[in-house]
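Asks: Would you mind keeping the following structure in view while I ask a few things?
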Amino acid sequence: LAESTFSTFLPGSQISKIGNGRLRVSEAATDVQEVLAECERLRAITRGSFDHYADGRLDPAGYVKGWAVDRAAEGLEAAGLSDYMIWAGGDVRVGGHPSDTDAWTIGIRDPETADQAIDHVDLVAGAIATSARYERGDHIRGACDTNLASVSVVGPELGLADALSTAIFSAGMQAIDWLAEFPAYDVIAVTSDRRVLRTTPR
């Protein structure tokens with residue numbers, strides 16, 4: 001359902017129709033209106049480091065992928081499933097814990113070695129999203145901080161974590177005073193020379 005509603009590739013999706021002027025935002029589904037309102041809020045707070053427009057084309061994928069996973073997690077919890085992990089293209093949302101430990105351990109990939117972790121986080125309930133160069137190169141539009149190899153954001157919701165990781169990867173660690181607006185979210189950044197920077201030390 002999320003794909004058919006939010007896809008920028010399907011001409012019949014509501015996002016495509018809004019993007020080419022065939023549908024007003026006020027006429028769209030409630031979920032679409034809420035997603036676009038949140039994208040606008042994030043663009044304003046991050047001073048454009050997160051932007052749901054690509055060369056003038058509406059594209060909320062930087063938020064909506066994680067948002068869709070959050071909705072799936074809510075469905076699992078409503079069905080009575082408390083212990084789960086949802087893996088979405090390298091981003092993760094978890095609830096509860098595995099059967100043999102108190103928390104889910106999520107590795108932060110070493111930017112130079114695909115099968116090695118350079119750091120990790122332990123999550124009981126929440127999400128982690130990563131923006132990085134090592135999978136798709138300089139895929140994030142706009143000026144990116146070339147001193148960063150990856151930025152991971154940890155917090156309660158994957159949609160917001162995903163958007164913030166994109167924004168920080170674009171803006172750089174020195175230009176994120178706006179992160180104070182999101183006190184429940186922490187950042188783990190890996191520099192191009194493999195140093196690990198954390199907003200909250202271990």
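Convention: chains lettered A, B, ... in structure tokens order; per-chain residue numbering from 1; ligands numbered from 1 as shown.
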Please provide the set of residues having any atom within 9 Å of Leu58 in chain A, restricted to only C-alpha atoms, with same-chain residues fewer than 6 positions apart removed, written as an mmCIF file with N, CA, C and O atoms, in the first residue's frame.

Replies:
```cif
data_model
loop_
_atom_site.group_PDB
_atom_site.id
_atom_site.type_symbol
_atom_site.label_atom_id
_atom_site.label_comp_id
_atom_site.auth_asym_id
_atom_site.auth_seq_id
_atom_site.Cartn_x
_atom_site.Cartn_y
_atom_site.Cartn_z
ATOM 1 N N THR A 8 7.372 7.445 -6.416
ATOM 2 C CA THR A 8 7.608 8.502 -7.406
ATOM 3 C C THR A 8 7.732 7.922 -8.810
ATOM 4 O O THR A 8 7.838 8.671 -9.782
ATOM 5 N N ILE A 15 1.589 10.566 -4.723
ATOM 6 C CA ILE A 15 2.759 11.444 -4.756
ATOM 7 C C ILE A 15 3.057 11.889 -6.184
ATOM 8 O O ILE A 15 3.353 13.073 -6.437
ATOM 9 N N SER A 16 2.966 10.977 -7.142
ATOM 10 C CA SER A 16 3.180 11.351 -8.545
ATOM 11 C C SER A 16 2.133 12.349 -9.008
ATOM 12 O O SER A 16 2.444 13.324 -9.712
ATOM 13 N N ILE A 18 0.419 14.472 -7.137
ATOM 14 C CA ILE A 18 0.691 15.772 -6.502
ATOM 15 C C ILE A 18 1.860 16.445 -7.201
ATOM 16 O O ILE A 18 1.838 17.648 -7.480
ATOM 17 N N GLY A 19 2.893 15.658 -7.515
ATOM 18 C CA GLY A 19 4.090 16.215 -8.132
ATOM 19 C C GLY A 19 3.842 16.826 -9.488
ATOM 20 O O GLY A 19 4.490 17.823 -9.854
ATOM 21 N N ASN A 20 2.920 16.259 -10.252
ATOM 22 C CA ASN A 20 2.660 16.826 -11.585
ATOM 23 C C ASN A 20 1.375 17.641 -11.651
ATOM 24 O O ASN A 20 0.883 17.958 -12.738
ATOM 25 N N HIS A 52 12.612 17.192 0.732
ATOM 26 C CA HIS A 52 11.815 16.182 0.039
ATOM 27 C C HIS A 52 11.513 16.559 -1.410
ATOM 28 O O HIS A 52 10.596 16.013 -2.016
#
```

Asks: Counting only C-alpha atoms, give me one row per residue of range 151-173 of chain A with an atom at most 12 Å from an atom of range 73-82 of chain A, showing the shortest contact pair and its distance in Å to one decimal, sorted by chain then residue number, as a tab-separated table.

Replies:
```
residue	atom	partner	partner_atom	distance
A:Pro156	CA	A:Ala73	CA	11.5
A:Glu157	CA	A:Ala73	CA	9.9
A:Leu158	CA	A:Ala73	CA	10.0
A:Gly159	CA	A:Ala73	CA	11.7
```

Asks: For the residues in the current selection, export C-alpha atoms as a short mmCIF file (atom, residue, chain, number, x, y, z; two decimals), in the first residue's frame.

Replies:
```cif
data_model
loop_
_atom_site.label_atom_id
_atom_site.label_comp_id
_atom_site.auth_asym_id
_atom_site.auth_seq_id
_atom_site.Cartn_x
_atom_site.Cartn_y
_atom_site.Cartn_z
CA PRO A 156 12.32 5.88 18.77
CA GLU A 157 11.08 6.12 15.15
CA LEU A 158 12.74 4.98 11.95
CA GLY A 159 11.15 7.61 9.72
#
```

Asks: Can you tell me, as a PyMOL selection string, what residues are no more than 10 Å from Ala28 in chain A when counting only C-alpha atoms, ignoring any on the same chain fewer than 2 positions away?

Replies: chain A and resi 5+14-15+17-18+23-26+30-34

Asks: Which of range 1-192 of chain A counts as strand (DSSP E or B) under DSSP, as an MDAnalysis selection string please?

Replies: chainID A and resid 53:54 57:58 84:88 91:95 104:110 113:123 126:132 148:155 186:191

Asks: Just checking: using only C-alpha atoms, which residue out of A:Arg57, A:Arg93, A:Arg109, A:Arg195 ends up closest to Ala72 in chain A?

Replies: A:Arg93

Asks: Identify which of the residues A:Arg202, A:Thr46, A:Gly56, A:Ser165 lies closest to Ala180 in chain A, counting only C-alpha atoms when measuring atom-to-atom distances.

Replies: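 Among the listed residues, the smallest separation from Ala180 in chain A belongs to A:Thr46.
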
Asks: Hey, which of A:Ala161, A:Gly96, A:Gly66, A:Asp193 ends up closest to Leu179 in chain A? Count only C-alpha atoms.

Replies: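 The closest residue to Leu179 in chain A is A:Ala161.
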
Asks: With DSSP run on the backbone, what are the helix (DSSP H, G or I) residues within range 27-184 of chain A? I'd like them as a PyMOL selection string.

Replies: chain A and resi 27+30-45+61-78+158-171+173-175+177-181
